[in-house]
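To keep things clear, I will list the structure first and then write my remarks on it.
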Amino acid sequence: MNIVKQNEEWDNRIFSDGWRPAIGGSSPVVEPSTGETLGNVGLGNAQDVERAAQSAVRAQSAWASTPFDQRAAVLREAARLLKERGSEINEWNIRECGSTQAKAQWELHATYEQLLAAAAMLMQPDGAFYPSVMPGRMNLCRHVPIGVVGVIAPWNFPLLLAIRSVAPALAVGNAVVLKPDPQSAVAGGLLLAKVFEDAGLPAGVLHVVPGGAEAGDALVRHPLVGMISFTGSTAVGRSIGRICGEMLKKVALELGGNNALIVLDDADIEAASSSGAWGSFLHQGQICMQTGRHLVHRSVVEQYAARLAARAKTLRVGNPHTEQVDLGPLINHKQRNRIDDIVRRSVAAGATLRAGGEYANLFYQPTVLSGVTPDMPAFQDEIFGPVAPITVFDTDDEAVDLANGSPFGLAAAVHTRSLARGLALSSRIKSGMVHINDQTVNNEFHVPFGGMGASGNGSRFGGAANFHEFTQTQWISALHAPITYPF
Ligand code: NAD
């Protein structure tokens, strides 16, 4: 299949009151596997964001007053069109972002589910009645839209990480300005805009403005944007949090991770090593929930390291557009050099290379390091690449201390044949998500997703959490007749 070269409506454009050139110019779409330029997208700047925010404010109140079943119908139609255009969207995800075919297919399905879940959410109760201390008074609390929500998304799961904010934010009556990363602007923005446009979303309710830090910063600082939903690195999230704090703006921050998989002495090592390989190498390790630290009991560490290295050596690395592979390319050279530097410095500090450690262009071999100690970069840093560092422990207490020995707290996993032991450990691990007898990369659209510590500011995506994230609570009280106060 080769459908990405068509002269699309979005070619050299952004989506902001229809398709138009960006004031900020344009940016090439480069395929990481080949270095080939696949097309050009509009690249928004601060002026494009200004224009989008003004238009979004104008469109929002009519959208919020549209009956909920009509808003839900637009989301359901968007879901249908997404599936109908699945092969085109998957091809872009594969070629623009280096996704494997299986990852692209899973992401498309998860994005579809998010759209349907956002539509279905509108049929749930959206508030509550409370008793009153005042006779004859009725207290009602309801969720009201924020107004304009700014969504800033990264390139690694470009569809899902955009839609998990965009869909619920739109559903409850907000307008949205989405700023995808320029490295994933087609899959993570412009194709979604086209789906919403064709699904009948009124003009001005959604703007898609691909751009870099300038556009992102303008969105964060814009006084008409009432909330920022940011997914990305902890460093950028921290600075966005600071700006939003100063402006008293609602902000949801979903940030980095350095996630521990604990393998206890009673674990099924074959199964644990499969979890470890999947958790570290899926999408070349470019996942916030990546298994970044394998903490393994001393009695089984040799067996585990050997099995993990054997699995790593069998994985196929290559161009996912032209070959059946398990790992595609890394997103760019900067990332590759950063990952390789972490591996080199850890080996220089005493870690043992059990597999991988080599690359050609952007194709990095799945890498296993054993003998990793907490002072090494492979333990401390978020790797975001196909590297599995193994660290040994002797007691459950030590495993918990090691797992918690990171400022991040996104996901964790425990392998044990004793569910009771796994549950006991899970309550001691500072992590937003803990999976027993599984790996760290898990996402279900209806279950609250999010991190602790340096992985976020307590925001959650999924299920009932979405109503709270993208609305504000309003208390309405009503008396049958006015009362008279002492003065
Ligand atoms: P990044 O922080 O560099 O970029 C994320 C987004 O922010 C991009 O759209 C980028 O253009 C924009 N941006 C950059 N500087 C900005 C600024 N000053 N103001 C406003 N916007 C700005 O992150 P990345 O390297 O693209 O993504 C990888 C990171 O994202 C990893 O740390 C990963 O763990 C994290 N991540 C977290 C989750 C989660 O759900 N917790 C999911 C995926 C990725």
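The chains in the structure tokens are called A, B, ... from first to last as shown; in each chain the residues are counted from 1, and the ligands are counted from 1 in the order shown.
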Per DSSP on the backbone, filter segment 90-225 of chain A down to the residues in helix (DSSP H, G or I) and report them as a PyMOL selection string. chain A and resi 90-97+101-121+158-171+182-184+186-199+213-221
Report as a Markdown table the residues of chain A within 8 Å of ligand 1, each with its shortest atom pair and distance in Å (one decimal), using only C-alpha atoms and all ligand atoms, ordered by chain and increasing residue number.
| residue | atom | partner | partner_atom_place_in_ligand_line | distance |
| --- | --- | --- | --- | --- |
| A:Ile152 | CA | ligand 1 | 9 (O) | 5.2 |
| A:Ala153 | CA | ligand 1 | 9 (O) | 4.6 |
| A:Pro154 | CA | ligand 1 | 26 (O) | 4.1 |
| A:Trp155 | CA | ligand 1 | 26 (O) | 5.5 |
| A:Asn156 | CA | ligand 1 | 43 (C) | 6.3 |
| A:Phe157 | CA | ligand 1 | 43 (C) | 6.7 |
| A:Leu161 | CA | ligand 1 | 42 (C) | 6.7 |
| A:Lys179 | CA | ligand 1 | 9 (O) | 6.2 |
| A:Pro180 | CA | ligand 1 | 9 (O) | 4.9 |
| A:Asp181 | CA | ligand 1 | 9 (O) | 3.7 |
| A:Pro182 | CA | ligand 1 | 11 (O) | 6.8 |
| A:Pro210 | CA | ligand 1 | 9 (O) | 8.0 |
| A:Gly211 | CA | ligand 1 | 11 (O) | 6.1 |
| A:Gly212 | CA | ligand 1 | 11 (O) | 4.0 |
| A:Ala213 | CA | ligand 1 | 16 (C) | 3.8 |
| A:Glu214 | CA | ligand 1 | 19 (N) | 6.7 |
| A:Ala215 | CA | ligand 1 | 20 (C) | 6.9 |
| A:Gly216 | CA | ligand 1 | 20 (C) | 3.5 |
| A:Asp217 | CA | ligand 1 | 19 (N) | 4.0 |
| A:Ala218 | CA | ligand 1 | 20 (C) | 7.5 |
| A:Leu219 | CA | ligand 1 | 20 (C) | 7.3 |
| A:Val220 | CA | ligand 1 | 20 (C) | 6.5 |
| A:Phe230 | CA | ligand 1 | 7 (O) | 7.1 |
| A:Thr231 | CA | ligand 1 | 37 (C) | 5.2 |
| A:Gly232 | CA | ligand 1 | 30 (O) | 3.1 |
| A:Ser233 | CA | ligand 1 | 32 (O) | 3.5 |
| A:Thr234 | CA | ligand 1 | 32 (O) | 6.0 |
| A:Ala235 | CA | ligand 1 | 2 (O) | 6.7 |
| A:Val236 | CA | ligand 1 | 2 (O) | 4.8 |
| A:Gly237 | CA | ligand 1 | 2 (O) | 6.6 |
| A:Ser239 | CA | ligand 1 | 18 (N) | 7.1 |
| A:Ile240 | CA | ligand 1 | 19 (N) | 6.3 |
| A:Leu253 | CA | ligand 1 | 41 (N) | 7.6 |
| A:Glu254 | CA | ligand 1 | 41 (N) | 3.8 |
| A:Leu255 | CA | ligand 1 | 41 (N) | 4.0 |
| A:Gly256 | CA | ligand 1 | 34 (O) | 3.1 |
| A:Gly257 | CA | ligand 1 | 34 (O) | 5.2 |
| A:Gln286 | CA | ligand 1 | 33 (C) | 7.4 |
| A:Ile287 | CA | ligand 1 | 43 (C) | 5.8 |
| A:Cys288 | CA | ligand 1 | 34 (O) | 3.4 |
| A:Met289 | CA | ligand 1 | 34 (O) | 7.0 |
| A:Glu382 | CA | ligand 1 | 32 (O) | 7.0 |
| A:Phe384 | CA | ligand 1 | 31 (C) | 6.8 |
| A:Leu410 | CA | ligand 1 | 41 (N) | 6.8 |
| A:Phe449 | CA | ligand 1 | 40 (O) | 7.7 |
| A:Gly450 | CA | ligand 1 | 41 (N) | 6.4 |
| A:Gly451 | CA | ligand 1 | 41 (N) | 6.7 |
| A:Ser455 | CA | ligand 1 | 41 (N) | 6.1 |
| A:Gly456 | CA | ligand 1 | 41 (N) | 6.9 |
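Comparing A:Pro28, A:Pro135, A:Gly44, A:Gly458 by their smallest distance to His480 of chain A, the closest is A:Pro135 (using only C-alpha atoms).
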Rank nothing, just name the residue among A:Val296, A:Ala79, A:Val441, A:Ala53 nearest to Asn259 of chain A, using only C-alpha atoms. A:Val441
Surrounding residues of Arg298 of chain A excluding itself and chain neighbours under 5 positions, 10 Å, only C-alpha atoms, as JSON, numbers by chain: {"A": [263, 264, 265, 303, 304, 391, 392, 393, 394, 395]}
Find the spatial neighbours of Ser273 of chain A, counting only C-alpha atoms, within a cut-off of 12 Å - ignore same-chain residues fewer than 4 positions away - and output them as an NGL selection string. :A and (261-263 or 267-269 or 277-281 or 291 or 294-296 or 300-312 or 368 or 388 or 390 or 415 or 437-439)
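In terms of minimum interatomic distance to Gln124 of chain A, A:Ala464 ranks closest within A:Ala169, A:Leu82, A:Val176, A:Ala464, counting only C-alpha atoms.
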Mind checking which residues fall within 9 Å of segment 316-322 of chain A, counting only C-alpha atoms, ignoring those fewer than 5 positions away in the same chain, and posting them as a PyMOL selection string? chain A and resi 1+32-34+91+94-95+98-101+327-329+363-366
